[in-house]
>>> print(open('data-v3.pdb').read())   # PDB, C-alpha atoms, pLDDT in the B column
ATOM      1  CA  MET A   1      19.914   8.116 289.472  1.00 79.00           C
ATOM      2  CA  LYS A   2      18.403   8.489 292.893  1.00 94.00           C
ATOM      3  CA  GLY A   3      15.901   5.847 293.929  1.00 97.00           C
ATOM      4  CA  ILE A   4      13.556   4.861 296.706  1.00 97.00           C
ATOM      5  CA  ILE A   5      11.898   1.601 297.634  1.00 98.00           C
ATOM      6  CA  VAL A   6       8.493   1.952 299.260  1.00 98.00           C
ATOM      7  CA  TYR A   7       6.992  -1.200 300.724  1.00 97.00           C
ATOM      8  CA  LYS A   8       4.000  -2.488 302.673  1.00 95.00           C
ATOM      9  CA  SER A   9       4.772  -5.646 304.637  1.00 92.00           C
ATOM     10  CA  LYS A  10       2.475  -7.384 307.080  1.00 84.00           C
ATOM     11  CA  TYR A  11       4.638 -10.322 308.179  1.00 81.00           C
ATOM     12  CA  GLY A  12       8.129  -9.349 306.996  1.00 88.00           C
ATOM     13  CA  SER A  13       8.795 -11.030 303.655  1.00 93.00           C
ATOM     14  CA  THR A  14       8.138  -7.926 301.545  1.00 96.00           C
ATOM     15  CA  LYS A  15      10.299  -5.873 303.905  1.00 97.00           C
ATOM     16  CA  LYS A  16      13.095  -8.428 303.505  1.00 97.00           C
ATOM     17  CA  TYR A  17      12.935  -8.135 299.702  1.00 98.00           C
ATOM     18  CA  ALA A  18      12.813  -4.327 299.876  1.00 98.00           C
ATOM     19  CA  GLU A  19      15.923  -4.322 302.079  1.00 98.00           C
ATOM     20  CA  TRP A  20      17.733  -6.733 299.740  1.00 98.00           C
ATOM     21  CA  ILE A  21      16.950  -4.451 296.794  1.00 98.00           C
ATOM     22  CA  ALA A  22      18.162  -1.458 298.812  1.00 98.00           C
ATOM     23  CA  GLU A  23      21.437  -3.289 299.573  1.00 98.00           C
ATOM     24  CA  GLU A  24      21.985  -3.969 295.875  1.00 97.00           C
ATOM     25  CA  THR A  25      21.011  -0.510 294.614  1.00 97.00           C
ATOM     26  CA  GLY A  26      21.888   1.889 297.417  1.00 97.00           C
ATOM     27  CA  TYR A  27      18.329   3.241 297.235  1.00 97.00           C
ATOM     28  CA  ASP A  28      16.499   4.551 300.267  1.00 97.00           C
ATOM     29  CA  CYS A  29      14.026   2.062 301.720  1.00 97.00           C
ATOM     30  CA  VAL A  30      10.900   3.296 303.488  1.00 97.00           C
ATOM     31  CA  GLU A  31       7.735   1.696 304.809  1.00 96.00           C
ATOM     32  CA  CYS A  32       4.626   2.793 302.935  1.00 94.00           C
ATOM     33  CA  GLY A  33       2.985   4.758 305.751  1.00 90.00           C
ATOM     34  CA  LYS A  34       6.146   6.760 306.424  1.00 95.00           C
ATOM     35  CA  VAL A  35       6.551   8.429 303.030  1.00 93.00           C
ATOM     36  CA  LYS A  36       4.597  11.355 301.596  1.00 91.00           C
ATOM     37  CA  THR A  37       4.073  12.597 298.054  1.00 90.00           C
ATOM     38  CA  GLU A  38       6.536  15.461 298.627  1.00 91.00           C
ATOM     39  CA  ASP A  39       9.196  12.944 299.660  1.00 90.00           C
ATOM     40  CA  ILE A  40       9.103  11.012 296.386  1.00 92.00           C
ATOM     41  CA  LYS A  41       9.490  14.085 294.170  1.00 90.00           C
ATOM     42  CA  GLU A  42      13.261  14.111 294.723  1.00 92.00           C
ATOM     43  CA  TYR A  43      13.708  10.591 293.294  1.00 96.00           C
ATOM     44  CA  ASP A  44      14.169   9.450 289.688  1.00 95.00           C
ATOM     45  CA  THR A  45      13.157   5.849 290.411  1.00 97.00           C
ATOM     46  CA  LEU A  46      10.568   4.305 292.694  1.00 97.00           C
ATOM     47  CA  ILE A  47      10.237   0.615 293.436  1.00 98.00           C
ATOM     48  CA  PHE A  48       7.051  -0.383 295.202  1.00 98.00           C
ATOM     49  CA  GLY A  49       6.590  -3.682 297.036  1.00 98.00           C
ATOM     50  CA  GLY A  50       3.495  -5.074 298.687  1.00 97.00           C
ATOM     51  CA  GLY A  51       2.418  -8.339 300.228  1.00 91.00           C
ATOM     52  CA  LEU A  52      -0.200 -10.351 298.394  1.00 87.00           C
ATOM     53  CA  TYR A  53      -3.310 -11.125 300.434  1.00 80.00           C
ATOM     54  CA  ALA A  54      -6.434 -12.700 298.886  1.00 74.00           C
ATOM     55  CA  SER A  55      -5.238 -11.558 295.430  1.00 79.00           C
ATOM     56  CA  GLY A  56      -4.867  -7.936 296.544  1.00 87.00           C
ATOM     57  CA  ILE A  57      -1.502  -6.175 296.771  1.00 95.00           C
ATOM     58  CA  ALA A  58      -1.122  -4.449 300.141  1.00 93.00           C
ATOM     59  CA  GLY A  59      -0.324  -0.744 299.945  1.00 94.00           C
ATOM     60  CA  LEU A  60      -1.146  -0.431 296.256  1.00 94.00           C
ATOM     61  CA  SER A  61      -3.249   2.607 297.096  1.00 93.00           C
ATOM     62  CA  PHE A  62       0.079   4.433 297.552  1.00 95.00           C
ATOM     63  CA  LEU A  63       0.808   4.101 293.826  1.00 94.00           C
ATOM     64  CA  LYS A  64      -2.770   4.979 292.862  1.00 93.00           C
ATOM     65  CA  LYS A  65      -2.731   8.066 295.061  1.00 93.00           C
ATOM     66  CA  ASN A  66       0.630   9.262 293.711  1.00 93.00           C
ATOM     67  CA  THR A  67       0.350   8.677 289.963  1.00 91.00           C
ATOM     68  CA  ALA A  68       0.809  12.379 289.171  1.00 91.00           C
ATOM     69  CA  ALA A  69       3.967  12.600 291.315  1.00 92.00           C
ATOM     70  CA  LEU A  70       5.354   9.485 289.585  1.00 93.00           C
ATOM     71  CA  GLU A  71       4.971  10.905 286.077  1.00 92.00           C
ATOM     72  CA  GLY A  72       8.318  10.801 284.269  1.00 93.00           C
ATOM     73  CA  LYS A  73       9.922   8.536 286.863  1.00 95.00           C
ATOM     74  CA  LYS A  74      10.982   4.925 286.420  1.00 96.00           C
ATOM     75  CA  VAL A  75       8.476   2.899 288.463  1.00 97.00           C
ATOM     76  CA  ILE A  76       8.674  -0.833 289.152  1.00 98.00           C
ATOM     77  CA  ALA A  77       6.459  -2.912 291.429  1.00 98.00           C
ATOM     78  CA  PHE A  78       6.731  -6.294 293.071  1.00 98.00           C
ATOM     79  CA  CYS A  79       4.381  -8.344 295.150  1.00 97.00           C
ATOM     80  CA  CYS A  80       5.218 -11.046 297.622  1.00 95.00           C
ATOM     81  CA  GLY A  81       3.113 -14.120 298.358  1.00 88.00           C
ATOM     82  CA  ALA A  82       3.364 -17.572 299.868  1.00 81.00           C
ATOM     83  CA  SER A  83       2.484 -19.509 296.721  1.00 81.00           C
ATOM     84  CA  PRO A  84       4.989 -20.690 294.159  1.00 83.00           C
ATOM     85  CA  PHE A  85       4.905 -18.678 290.932  1.00 88.00           C
ATOM     86  CA  ASP A  86       2.075 -19.685 288.631  1.00 84.00           C
ATOM     87  CA  GLU A  87       1.845 -17.681 285.401  1.00 91.00           C
ATOM     88  CA  LYS A  88      -1.933 -18.004 285.007  1.00 89.00           C
ATOM     89  CA  TYR A  89      -2.644 -16.920 288.588  1.00 87.00           C
ATOM     90  CA  PHE A  90      -0.013 -14.150 288.383  1.00 93.00           C
ATOM     91  CA  ASN A  91      -1.595 -12.706 285.237  1.00 94.00           C
ATOM     92  CA  GLU A  92      -5.075 -12.825 286.773  1.00 92.00           C
ATOM     93  CA  MET A  93      -3.804 -11.128 289.923  1.00 92.00           C
ATOM     94  CA  LYS A  94      -1.918  -8.544 287.837  1.00 95.00           C
ATOM     95  CA  ASP A  95      -5.035  -7.734 285.796  1.00 95.00           C
ATOM     96  CA  TYR A  96      -7.049  -7.425 289.011  1.00 94.00           C
ATOM     97  CA  ASN A  97      -4.576  -5.053 290.703  1.00 95.00           C
ATOM     98  CA  MET A  98      -2.708  -3.170 287.991  1.00 96.00           C
ATOM     99  CA  LYS A  99      -5.528  -1.340 286.238  1.00 94.00           C
ATOM    100  CA  ASP A 100      -5.672   1.939 284.358  1.00 91.00           C
ATOM    101  CA  GLU A 101      -2.561   4.047 284.981  1.00 90.00           C
ATOM    102  CA  LEU A 102      -0.899   1.190 286.918  1.00 94.00           C
ATOM    103  CA  ALA A 103      -1.100  -1.211 283.951  1.00 95.00           C
ATOM    104  CA  LYS A 104       2.110   0.170 282.425  1.00 93.00           C
ATOM    105  CA  ILE A 105       4.165  -0.493 285.573  1.00 96.00           C
ATOM    106  CA  PRO A 106       6.246  -3.687 285.368  1.00 97.00           C
ATOM    107  CA  LEU A 107       5.198  -6.090 288.138  1.00 98.00           C
ATOM    108  CA  PHE A 108       7.319  -8.907 289.557  1.00 98.00           C
ATOM    109  CA  TYR A 109       6.639 -11.742 291.989  1.00 97.00           C
ATOM    110  CA  CYS A 110       8.790 -12.765 294.932  1.00 97.00           C
ATOM    111  CA  ARG A 111       7.870 -15.807 296.980  1.00 92.00           C
ATOM    112  CA  GLY A 112       7.478 -15.094 300.678  1.00 89.00           C
ATOM    113  CA  ALA A 113       6.847 -17.057 303.835  1.00 83.00           C
ATOM    114  CA  CYS A 114       3.900 -18.394 305.759  1.00 70.00           C
ATOM    115  CA  ARG A 115       4.183 -19.064 309.457  1.00 69.00           C
ATOM    116  CA  MET A 116       0.970 -19.523 311.382  1.00 63.00           C
ATOM    117  CA  GLU A 117       2.575 -18.639 314.706  1.00 69.00           C
ATOM    118  CA  GLY A 118       3.324 -15.107 313.520  1.00 71.00           C
ATOM    119  CA  MET A 119      -0.140 -14.392 312.138  1.00 69.00           C
ATOM    120  CA  SER A 120      -2.860 -12.302 313.674  1.00 75.00           C
ATOM    121  CA  PHE A 121      -5.783 -14.213 315.153  1.00 79.00           C
ATOM    122  CA  LYS A 122      -7.991 -13.100 312.248  1.00 78.00           C
ATOM    123  CA  ASP A 123      -5.529 -14.224 309.539  1.00 75.00           C
ATOM    124  CA  LYS A 124      -4.835 -17.491 311.320  1.00 69.00           C
ATOM    125  CA  THR A 125      -8.562 -18.224 311.587  1.00 78.00           C
ATOM    126  CA  LEU A 126      -9.176 -17.381 307.919  1.00 77.00           C
ATOM    127  CA  CYS A 127      -6.282 -19.608 306.798  1.00 68.00           C
ATOM    128  CA  LYS A 128      -7.507 -22.514 308.907  1.00 74.00           C
ATOM    129  CA  MET A 129     -11.058 -22.143 307.584  1.00 76.00           C
ATOM    130  CA  LEU A 130      -9.834 -21.998 303.996  1.00 75.00           C
ATOM    131  CA  ARG A 131      -7.533 -24.956 304.552  1.00 76.00           C
ATOM    132  CA  LYS A 132     -10.455 -26.958 305.962  1.00 79.00           C
ATOM    133  CA  SER A 133     -12.579 -26.244 302.880  1.00 80.00           C
ATOM    134  CA  LEU A 134      -9.669 -27.076 300.544  1.00 78.00           C
ATOM    135  CA  ALA A 135      -9.092 -30.414 302.292  1.00 79.00           C
ATOM    136  CA  LYS A 136     -12.325 -31.609 300.690  1.00 83.00           C
ATOM    137  CA  LYS A 137     -10.815 -31.288 297.215  1.00 83.00           C
ATOM    138  CA  GLU A 138      -8.796 -33.971 295.485  1.00 86.00           C
ATOM    139  CA  PRO A 139      -5.091 -33.026 295.547  1.00 81.00           C
ATOM    140  CA  LYS A 140      -4.939 -33.136 291.730  1.00 85.00           C
ATOM    141  CA  ASP A 141      -7.743 -30.542 291.554  1.00 83.00           C
ATOM    142  CA  LEU A 142      -6.000 -27.981 293.771  1.00 79.00           C
ATOM    143  CA  ALA A 143      -4.686 -24.772 292.244  1.00 75.00           C
ATOM    144  CA  VAL A 144      -1.007 -24.076 292.918  1.00 72.00           C
ATOM    145  CA  TRP A 145      -1.834 -21.469 295.567  1.00 69.00           C
ATOM    146  CA  GLU A 146      -4.309 -23.823 297.251  1.00 72.00           C
ATOM    147  CA  ALA A 147      -1.737 -26.619 297.562  1.00 74.00           C
ATOM    148  CA  ALA A 148       0.798 -24.105 298.895  1.00 71.00           C
ATOM    149  CA  LEU A 149      -1.682 -22.877 301.510  1.00 70.00           C
ATOM    150  CA  ILE A 150      -2.363 -26.410 302.737  1.00 70.00           C
ATOM    151  CA  GLU A 151       1.366 -27.076 302.988  1.00 71.00           C
ATOM    152  CA  ALA A 152       2.052 -23.782 304.752  1.00 68.00           C
ATOM    153  CA  VAL A 153      -0.757 -24.175 307.287  1.00 67.00           C
ATOM    154  CA  ASP A 154       0.464 -27.663 308.092  1.00 65.00           C
ATOM    155  CA  THR A 155       4.191 -26.976 308.273  1.00 66.00           C
ATOM    156  CA  GLY A 156       4.934 -23.266 307.872  1.00 65.00           C
ATOM    157  CA  ASN A 157       7.721 -22.298 305.533  1.00 77.00           C
ATOM    158  CA  ASP A 158       9.986 -19.482 304.492  1.00 82.00           C
ATOM    159  CA  TRP A 159      10.617 -19.496 300.741  1.00 84.00           C
ATOM    160  CA  THR A 160      12.243 -16.065 300.557  1.00 93.00           C
ATOM    161  CA  ASP A 161      15.301 -16.103 298.339  1.00 95.00           C
ATOM    162  CA  LYS A 162      17.464 -13.204 297.215  1.00 97.00           C
ATOM    163  CA  GLU A 163      17.419 -14.675 293.689  1.00 97.00           C
ATOM    164  CA  PHE A 164      13.841 -13.405 293.287  1.00 97.00           C
ATOM    165  CA  ILE A 165      15.087  -9.808 293.114  1.00 98.00           C
ATOM    166  CA  ASN A 166      17.244 -10.455 290.022  1.00 98.00           C
ATOM    167  CA  PRO A 167      14.462  -9.720 287.482  1.00 97.00           C
ATOM    168  CA  ILE A 168      13.739  -6.463 289.349  1.00 98.00           C
ATOM    169  CA  LEU A 169      17.405  -5.471 289.191  1.00 97.00           C
ATOM    170  CA  GLN A 170      17.489  -6.366 285.483  1.00 97.00           C
ATOM    171  CA  GLU A 171      14.444  -4.152 284.873  1.00 97.00           C
ATOM    172  CA  LEU A 172      16.218  -1.334 286.689  1.00 95.00           C
ATOM    173  CA  SER A 173      19.188  -1.577 284.346  1.00 92.00           C
ATOM    174  CA  LYS A 174      16.966  -0.995 281.287  1.00 88.00           C
ATOM    175  CA  SER A 175      16.992   2.593 280.100  1.00 65.00           C
TER
END
>>> encode(input="data-v3.pdb", output="structure tokens")
Amino acid sequence: MKGIIVYKSKYGSTKKYAEWIAEETGYDCVECGKVKTEDIKEYDTLIFGGGLYASGIAGLSFLKKNTAALEGKKVIAFCCGASPFDEKYFNEMKDYNMKDELAKIPLFYCRGACRMEGMSFKDKTLCKMLRKSLAKKEPKDLAVWEAALIEAVDTGNDWTDKEFINPILQELSKS
């Protein structure tokens, strides 16, 4: 089976996971904007990865735009965010992003990183504003992602771990 990993990464965590998957599978690994519909026709398997920003998966339009070209192929998707995994939030985010023809694609979550010093001015400002509004809440009332954002803005962290790709690799091994 010939495979390709197509990813959209803003700050590097999704790219790191895509490269780890490529190391394990031998699949080609290409950034989202550098692959065309014609390019994916030669592959049996496509793994898509995108960073998670405000509940939206970056680059997901690639899958939407190429549904016809993906027909009959094994397709798997993963998203990468700074929050720890929370099943309720994950399912809400999945329902929001993986609609219609994308609903049948298995989606996985890999925890990423959050470092304020590497962010664009706009993203840094938005995070600081959100953190300021969240600081008014009682810690016990914070959602998992809200607590993670406060922690990340204050300290910055990298939670990437190669172990997060194991469920993706297991899904690949299914016929």
>>> residues_near_point(input="data-v3.pdb", point="(6.8, -4.2, 291.6)", cutoff="6 Å", atoms="all atoms listed in the file", output="ChimeraX atom specification")
/A:48-49,76-79,107-108
>>> resolve_selection(input="data-v3.pdb", expression="the PyMOL selection byres ((chain A and resi 84) around 9)", output="ChimeraX atom specification")
/A:81-83,85-86,110-112,144-145,148,159
>>> write_last_selection(input="data-v3.pdb", atoms="C-alpha atoms", output="PDB file, keeping the file's coordinate frame")
ATOM      1  CA  GLY A  81       3.113 -14.120 298.358  1.00 88.00           C
ATOM      2  CA  ALA A  82       3.364 -17.572 299.868  1.00 81.00           C
ATOM      3  CA  SER A  83       2.484 -19.509 296.721  1.00 81.00           C
ATOM      4  CA  PHE A  85       4.905 -18.678 290.932  1.00 88.00           C
ATOM      5  CA  ASP A  86       2.075 -19.685 288.631  1.00 84.00           C
ATOM      6  CA  CYS A 110       8.790 -12.765 294.932  1.00 97.00           C
ATOM      7  CA  ARG A 111       7.870 -15.807 296.980  1.00 92.00           C
ATOM      8  CA  GLY A 112       7.478 -15.094 300.678  1.00 89.00           C
ATOM      9  CA  VAL A 144      -1.007 -24.076 292.918  1.00 72.00           C
ATOM     10  CA  TRP A 145      -1.834 -21.469 295.567  1.00 69.00           C
ATOM     11  CA  ALA A 148       0.798 -24.105 298.895  1.00 71.00           C
ATOM     12  CA  TRP A 159      10.617 -19.496 300.741  1.00 84.00           C
TER      13      TRP A 159
END
>>> residues_around(input="data-v3.pdb", residues="Ala103 of chain A", least_positions_apart="3", cutoff="12 Å", atoms="only C-alpha atoms", output="list of chain:residue names")
A:Leu63, A:Lys64, A:Thr67, A:Val75, A:Ile76, A:Ala77, A:Asn91, A:Met93, A:Lys94, A:Asp95, A:Tyr96, A:Asn97, A:Met98, A:Lys99, A:Asp100, A:Pro106, A:Leu107
>>> atom_distance(input="data-v3.pdb", atom1="atom CA of Val30 of chain A", atom2="atom CA of Ile47 of chain A")
10.4 Å
>>> axis_aligned_box(input="data-v3.pdb", around="segment 129-135 of chain A", padding_each_side="8 Å", output="lines of an AutoDock Vina configuration file")
center_x = -10.1
center_y = -26.2
center_z = 304.1
size_x = 21.0
size_y = 24.4
size_z = 23.0
>>> resolve_selection(input="data-v3.pdb", expression="the PyMOL selection byres ((chain A and resi 16-21) around 9)", output="PyMOL selection string")
chain A and resi 5-7+9+12-15+22-27+29-30+47-49+80+110+112+160-162+164-165+168-169
>>> resolve_selection(input="data-v3.pdb", expression="the PyMOL selection byres ((chain A and resi 134) around 12)", output="count of residues only")
25
>>> atom_distance(input="data-v3.pdb", atom1="atom CA of Cys32 of chain A", atom2="atom CA of Lys8 of chain A")
5.3 Å
>>> atom_distance(input="data-v3.pdb", atom1="atom CA of Glu38 of chain A", atom2="atom CA of Tyr11 of chain A")
27.6 Å
>>> closest_residue(input="data-v3.pdb", among="A:Asn66, A:Ser61, A:Ser120, A:Ser55", to="Thr37 of chain A", atoms="all atoms listed in the file")
A:Asn66
>>> closest_residue(input="data-v3.pdb", among="A:Leu60, A:Lys88, A:Leu126, A:Glu42", to="Leu102 of chain A", atoms="only C-alpha atoms")
A:Leu60
>>> closest_residue(input="data-v3.pdb", among="A:Lys104, A:Gly72, A:Tyr109, A:Asp39", to="Leu52 of chain A", atoms="only C-alpha atoms")
A:Tyr109
>>> closest_residue(input="data-v3.pdb", among="A:Asp158, A:Asp44, A:Glu171, A:Glu92", to="Lys73 of chain A", atoms="all atoms listed in the file")
A:Asp44
>>> build_atoms(input="data-v3.pdb", residues="segment 131-164 of chain A", atoms="N, CA and C atoms", output="compact mmCIF listing (two decimals), in the coordinates of the input")
# COMPACT_ATOMS: atom_id res chain seq x y z
N ARG A 131 -8.22 -23.67 304.65
CA ARG A 131 -7.53 -24.96 304.55
C ARG A 131 -8.53 -26.10 304.75
N LYS A 132 -9.45 -25.93 305.70
CA LYS A 132 -10.46 -26.96 305.96
C LYS A 132 -11.35 -27.17 304.73
N SER A 133 -11.75 -26.10 304.08
CA SER A 133 -12.58 -26.24 302.88
C SER A 133 -11.79 -26.85 301.72
N LEU A 134 -10.50 -26.53 301.62
CA LEU A 134 -9.67 -27.08 300.54
C LEU A 134 -9.38 -28.56 300.75
N ALA A 135 -9.38 -29.00 301.99
CA ALA A 135 -9.09 -30.41 302.29
C ALA A 135 -10.13 -31.34 301.66
N LYS A 136 -11.27 -30.80 301.31
CA LYS A 136 -12.32 -31.61 300.69
C LYS A 136 -12.04 -31.88 299.21
N LYS A 137 -11.15 -31.11 298.63
CA LYS A 137 -10.82 -31.29 297.21
C LYS A 137 -9.80 -32.42 297.03
N GLU A 138 -9.82 -33.00 295.86
CA GLU A 138 -8.80 -33.97 295.48
C GLU A 138 -7.49 -33.20 295.26
N PRO A 139 -6.36 -33.74 295.73
CA PRO A 139 -5.09 -33.03 295.55
C PRO A 139 -4.81 -32.62 294.10
N LYS A 140 -5.19 -33.45 293.14
CA LYS A 140 -4.94 -33.14 291.73
C LYS A 140 -5.78 -31.96 291.24
N ASP A 141 -6.85 -31.63 291.95
CA ASP A 141 -7.74 -30.54 291.55
C ASP A 141 -7.39 -29.20 292.21
N LEU A 142 -6.39 -29.21 293.07
CA LEU A 142 -6.00 -27.98 293.77
C LEU A 142 -5.20 -27.05 292.86
N ALA A 143 -5.51 -25.77 292.92
CA ALA A 143 -4.69 -24.77 292.24
C ALA A 143 -3.35 -24.71 292.98
N VAL A 144 -2.35 -24.15 292.32
CA VAL A 144 -1.01 -24.08 292.92
C VAL A 144 -1.06 -23.36 294.27
N TRP A 145 -1.79 -22.23 294.32
CA TRP A 145 -1.83 -21.47 295.57
C TRP A 145 -2.58 -22.24 296.66
N GLU A 146 -3.56 -23.04 296.26
CA GLU A 146 -4.31 -23.82 297.25
C GLU A 146 -3.42 -24.90 297.87
N ALA A 147 -2.66 -25.60 297.05
CA ALA A 147 -1.74 -26.62 297.56
C ALA A 147 -0.69 -25.98 298.47
N ALA A 148 -0.20 -24.80 298.07
CA ALA A 148 0.80 -24.10 298.90
C ALA A 148 0.22 -23.70 300.24
N LEU A 149 -1.04 -23.26 300.25
CA LEU A 149 -1.68 -22.88 301.51
C LEU A 149 -1.81 -24.07 302.44
N ILE A 150 -2.24 -25.21 301.91
CA ILE A 150 -2.36 -26.41 302.74
C ILE A 150 -1.02 -26.78 303.34
N GLU A 151 0.02 -26.76 302.51
CA GLU A 151 1.37 -27.08 302.99
C GLU A 151 1.82 -26.09 304.06
N ALA A 152 1.59 -24.81 303.82
CA ALA A 152 2.05 -23.78 304.75
C ALA A 152 1.32 -23.85 306.09
N VAL A 153 0.01 -24.09 306.05
CA VAL A 153 -0.76 -24.18 307.29
C VAL A 153 -0.28 -25.38 308.10
N ASP A 154 0.02 -26.46 307.40
CA ASP A 154 0.46 -27.66 308.09
C ASP A 154 1.88 -27.54 308.65
N THR A 155 2.78 -26.95 307.88
CA THR A 155 4.19 -26.98 308.27
C THR A 155 4.81 -25.61 308.50
N GLY A 156 4.31 -24.58 307.82
CA GLY A 156 4.93 -23.27 307.87
C GLY A 156 6.26 -23.31 307.13
N ASN A 157 6.50 -22.32 306.32
CA ASN A 157 7.72 -22.30 305.53
C ASN A 157 8.15 -20.88 305.23
N ASP A 158 9.43 -20.74 304.96
CA ASP A 158 9.99 -19.48 304.49
C ASP A 158 10.67 -19.77 303.16
N TRP A 159 10.08 -19.26 302.08
CA TRP A 159 10.62 -19.50 300.74
C TRP A 159 11.35 -18.27 300.21
N THR A 160 11.56 -17.26 301.05
CA THR A 160 12.24 -16.07 300.56
C THR A 160 13.63 -16.44 300.05
N ASP A 161 14.02 -15.80 298.96
CA ASP A 161 15.30 -16.10 298.34
C ASP A 161 15.75 -14.85 297.59
N LYS A 162 16.94 -14.42 297.84
CA LYS A 162 17.46 -13.20 297.21
C LYS A 162 17.46 -13.29 295.69
N GLU A 163 17.45 -14.49 295.15
CA GLU A 163 17.42 -14.68 293.69
C GLU A 163 16.16 -14.05 293.07
N PHE A 164 15.08 -13.96 293.82
CA PHE A 164 13.84 -13.40 293.29
C PHE A 164 13.96 -11.93 292.92
